[in-house]
Amino acid sequence: MFRFLVRRVLLGILTLWLVSTSVFVLAYWVPADPARAIAGQRATLAQVNAVRKALGLDDPLTVQYGRYMGHLLKFDLGTSYVNGQVGVWTLIRGTLPTTMWLVFGAGILWLSFGIVTGVLSATKARSLFDRGATVFVLIGISIPPAVLALTLTYVMFFQLRTHGVALFDVGPPGSFFADPKLFLSRMILPWIGLAYLITATYTRLTRSSMLEVLGEDYIRTARAKGLPERRVVYRHGLRAALTPVITQFGVDIGYLIGGTLVTESVFGLNGFGFLIVHSLFIGDTPTIIGCTIFVALFIVVANLIVDLLYSVLDPRVRVT
Amino acid sequence: MSLTELEAEVSPPGEEPTQAIQGRTPWQLAWARLRQDKVAIASAVVIVLIVLMAIFAPVLTHWFGTDPQLTNTNTGLDADGLPVGPSADHLLGTDQLGRDIFSRAVFGARISLEVGLLSTFFATVVGVTIGLLAGYFSGWADAAISRVLEIVLSFPYLIVALVAAATIGPSETMEIVVISSFSFAAMARIVRGQVISIKAREFVEAARSLGASRLRIMAIDILPNLLAPVIVLATLLIPQAIVTESTLTFLGAGVDIRIPSWGGMLNESTQYYRVAWWYLFVPSAFLLITTLAFNLLGDGVRDALDPRSERVLAKAGKAEKQPRSSGRWRLPGAPERQAMGK
């Protein structure tokens with residue numbers, strides 16, 4: 001167990017190093033001159049050179065790389081080129097609440113919906129419901145995120161609004177505690193959209209896991225001693241069937257914290273994904289690098305936690 | 001012995017031709033099963049139609065539309081300079097520059113299919129090679145490759161793709177390179193697992209005892225047996241690649257927005273869909289139909305090639321005792337790593 005942990009942590013560090021290096025290589029290969037971008041279009045050459053010197057962009061690439069890695073080791077993600085020289089970490093921190101709300105809110109939706117549909121189609125395999133769920137799930141797997149988000153915006157926001165039902169809104173949601181009504185009206189569509197894209201995995205996972213568990217001997221025993229079917233399915237079956245579902249949930253949350261680019265862009269949420277897309281658009285290299293490393297960190301930690309959790313929840317999985 | 005030689009088991013001695021039972025290879029059996037699957041056949045027909053549409057795009061747009069880059073200032077914009085809806089002049093309406101949306105959607109199929117098919121092809125070639133080597137040579141090579149695959153699978157690849165697009169510049173080639181260099185890992189892991197179980201089988205041992213070289217065992221004995229899972233996974237990788245392509249282009253990091261592509265049309269439509277619903281729904285419909293068809297075909301191919309898969313058992317009402325993981329070609333126990341960029 002200890003060896004496993006050490007190996008996973010080392011692998012995680014290696015991943016982070018590779019991610020940061022590859023992003024560094026990519027980002028400092030920029031054709032656009034960052035010094036020119038900061039100094040502005042009307043700056044003289046001398047001013048641009050001064051900015052370049054101040055940021056250390058005139059140093060050789062190896063020196064810049066060393067400095068960059070040194071900062072990273074101190075968890076210093078640097079300062080943004082634009083946005084008035086704000087620290088990248090400050091920018092990221094400002095966007096995290098929205099993304100967390102989005103991912104966890106959607107997570108509750110897709111988890112509950114996925115488990116319910118999964119259990120129902122497992123217990124009523126081949127029924128009309130099962131087939132309907134299969135089709136529904138398949139569309140969720142196939143639909144590109146942009147298509148879903150845009151369609152939702154068009155139908156539920158724009159069409160409803162033009163027909164006088166201003167139920168949903170699009171834009172930065174602000175804080176739930178400051179204005180819950182506005183917050184909900186702006187978050188419900190993104191929640192639904194994000195959850196639908198992911199529900200499919202959970203329906204399938206719950207269904208197959210449930211079918212497997214319901215074939216076990218102890219379920220037969222539970223039925224044989226006369227327990228009502230409902231109790232057999234939910235108390236004895238579901239509990240055991242949920243292990244892979246829970247681990248999958250951990251992985252998805254980890255991946256989505258940095259992965260809701262499309263949903264946030266379309267619904268105008270000022271979250272982390274939007275920050276990434278926006279920084280790319282305006283060429284804010286330090287912010288992009290910081291965001292990428294932050295995302296990688298999230299994924300690495302989520303994977304680590306999930307692997308550990310899996311071995312705790314399921315004694316049959318041995319970690320070496 | 002390869003899969004195709006299995007027919008020897010069922011073919012009769014050959015003395016009595018009237019009594020001869022027609023031997024069927026596993027591939028013939030799979031094909032027979034696939035033909036029974038109406039959904040899979042319908043999906044295959046749809047895919048063929050889309051491919052034909054992409055190939056004959058110039059002809060189609062010549063007959064039913066205008067050049068995809070042509071700005072139809074007379075027929076394509078109304079008096080206020082806004083896009084016009086579906087009409088006799090423009091079957092599926094026009095966009096903000098008066099370009100024919102039908103023509104752009106037809107040409108857009110080329111980008112999606114090229115990226116989807118080519119990146120899957122490269123991912124498959126690389127993934128199978130690496131998986132085969134890792135699975136066959138256990139030991140340090142396997143350990144090293146497995147670590148590399150793990151790292152690749154936990155790479156925030158969409159963001160790396162965005163950074164690459166922002167610095168190197170967006171292009172179709174870049175998309176293909178990025179998508180294939182991150183999706184090969186899934187293929188490699190599954191192939192590796194298959195190779196490990198295949199190489200323990202008797203026929204590999206027999207080949208080795210007959211003095212077959214390692215290369216020959218890998219190419220002649222193991223590779224043909226990998227074909228089924230590889231085909232299934234490849235069919236399912238295509239729609240994923242198409243979705244990733246459209247997402248990248250939608251975010252402005254894919255192909256140039258002037259080149260007609262479904263993702264690019266979606267991107268531009270965000271400004272205009274309030275006055276031109278067709279601008280949003282045409283590329284959406286094309287994208288959804290394409291990815292849905294590939295996914296349905298992939299499921300059908302899996303059922304046909306893997307009669308023991310969970311879906312087939314469930315259909316036959318035999319979903320009693322299940323193996324640990326859902327399909328046989330799923331990684332046992334491991335949570336599925338989702339594609340990013342939702």
# chains A, B, ... in the order shown; residues from 1 in each chain; ligands from 1

$ residues_around --residues "A:Leu77" --least-positions-apart "2" --cutoff "10 Å" --atoms "only C-alpha atoms" --output "VMD selection string"
chain A and resid 68 to 69 71 to 75 79 to 80 87 to 90 92 286 to 287 289 to 291 293 to 294

$ residues_around --residues "B:Met187" --least-positions-apart "5" --cutoff "8 Å" --atoms "only C-alpha atoms" --output "short mmCIF file (atom, residue, chain, number, x, y, z; two decimals) with C-alpha atoms, in the first residue's frame"
data_model
loop_
_atom_site.label_atom_id
_atom_site.label_comp_id
_atom_site.auth_asym_id
_atom_site.auth_seq_id
_atom_site.Cartn_x
_atom_site.Cartn_y
_atom_site.Cartn_z
CA ALA B 123 -4.21 6.53 -33.22
CA THR B 124 -5.01 2.94 -34.17
CA GLY B 127 -1.85 2.35 -30.35
CA VAL B 128 -1.83 -1.19 -31.73
CA GLY B 131 0.10 -2.06 -27.12
CA VAL B 230 -9.49 -2.90 -32.47
CA LEU B 233 -12.73 0.66 -30.41
#

$ residues_around --residues "A:Arg186" --least-positions-apart "5" --cutoff "9 Å" --atoms "only C-alpha atoms" --output "list in words"
Phe168, Asp169, Val170, Gly171, Pro172, Pro173, Lys181, Phe267 and Leu269 of chain A

$ write_last_selection --atoms "C-alpha atoms" --output "CSV table (one decimal), in the first residue's frame"
chain,number,residue,atom,x,y,z
A,168,PHE,CA,-33.8,31.3,-17.5
A,169,ASP,CA,-31.0,33.8,-18.0
A,170,VAL,CA,-27.5,33.7,-19.4
A,171,GLY,CA,-24.5,35.4,-17.9
A,172,PRO,CA,-22.3,35.4,-14.8
A,173,PRO,CA,-24.3,34.0,-12.0
A,181,LYS,CA,-33.0,34.0,-7.8
A,267,PHE,CA,-23.7,30.2,-21.0
A,269,LEU,CA,-20.4,31.8,-16.8

$ closest_residue --among "A:Leu184, A:Ala296, A:Leu238, A:Ala106" --to "chain B" --atoms "only C-alpha atoms"
A:Ala296

$ select_by_dssp --residues "stretch 47-167 of chain A" --states "alpha helix (DSSP H)" --output "PyMOL selection string"
chain A and resi 47-55+61-73+88-123+128-142+145-152+160-162

$ atom_distance --atom1 "atom CA of B:Ile55" --atom2 "atom CA of B:Phe107"
8.9 Å

$ closest_residue --among "A:Thr99, A:Ser185, A:Thr151, A:Gln64" --to "chain B" --atoms "only C-alpha atoms"
A:Thr151

$ interface_residues --of "chain A" --to "chain B" --cutoff "6 Å" --atoms "only C-alpha atoms" --output "MDAnalysis selection string"
chainID A and resid 15 30 142:145 147 208 212 215 248 259:262

$ closest_residue --among "B:His90, B:Arg104, B:Arg110, B:Arg192" --to "B:Ile130" --atoms "only C-alpha atoms"
B:Arg192

$ atom_distance --atom1 "atom CA of B:Tyr279" --atom2 "atom CA of B:Asp95"
6.4 Å

$ residues_around --residues "A:Phe176" --least-positions-apart "5" --cutoff "10 Å" --atoms "only C-alpha atoms" --output "count of residues only"
7

$ atom_distance --atom1 "atom CA of B:Val191" --atom2 "atom CA of B:Pro229"
7.8 Å

$ closest_residue --among "B:Ile111, B:Ala186, B:Leu133, B:Ala234" --to "B:Ile257" --atoms "only C-alpha atoms"
B:Ile111

$ closest_residue --among "A:Val295, A:Val6, A:Val301, A:Val135" --to "A:Val19" --atoms "only C-alpha atoms"
A:Val295

$ closest_atom_pairs --of "stretch 134-197 of chain A" --to "stretch 118-122 of chain A" --cutoff "12 Å" --atoms "only C-alpha atoms" --output "Markdown table"
| residue | atom | partner | partner_atom | distance |
| --- | --- | --- | --- | --- |
| A:Thr134 | CA | A:Ser121 | CA | 8.5 |
| A:Val135 | CA | A:Ser121 | CA | 11.9 |
| A:Phe136 | CA | A:Gly118 | CA | 11.9 |
| A:Val137 | CA | A:Gly118 | CA | 10.2 |

$ write_last_selection --atoms "C-alpha atoms" --output "JSON list (two decimals), in the first residue's frame"
[["chain", "number", "residue", "atom", "x", "y", "z"],
["A", 134, "THR", "CA", -30.67, 3.57, -23.91],
["A", 135, "VAL", "CA", -31.63, 5.99, -26.68],
["A", 136, "PHE", "CA", -31.55, 8.95, -24.32],
["A", 137, "VAL", "CA", -28.14, 7.94, -23.07]]
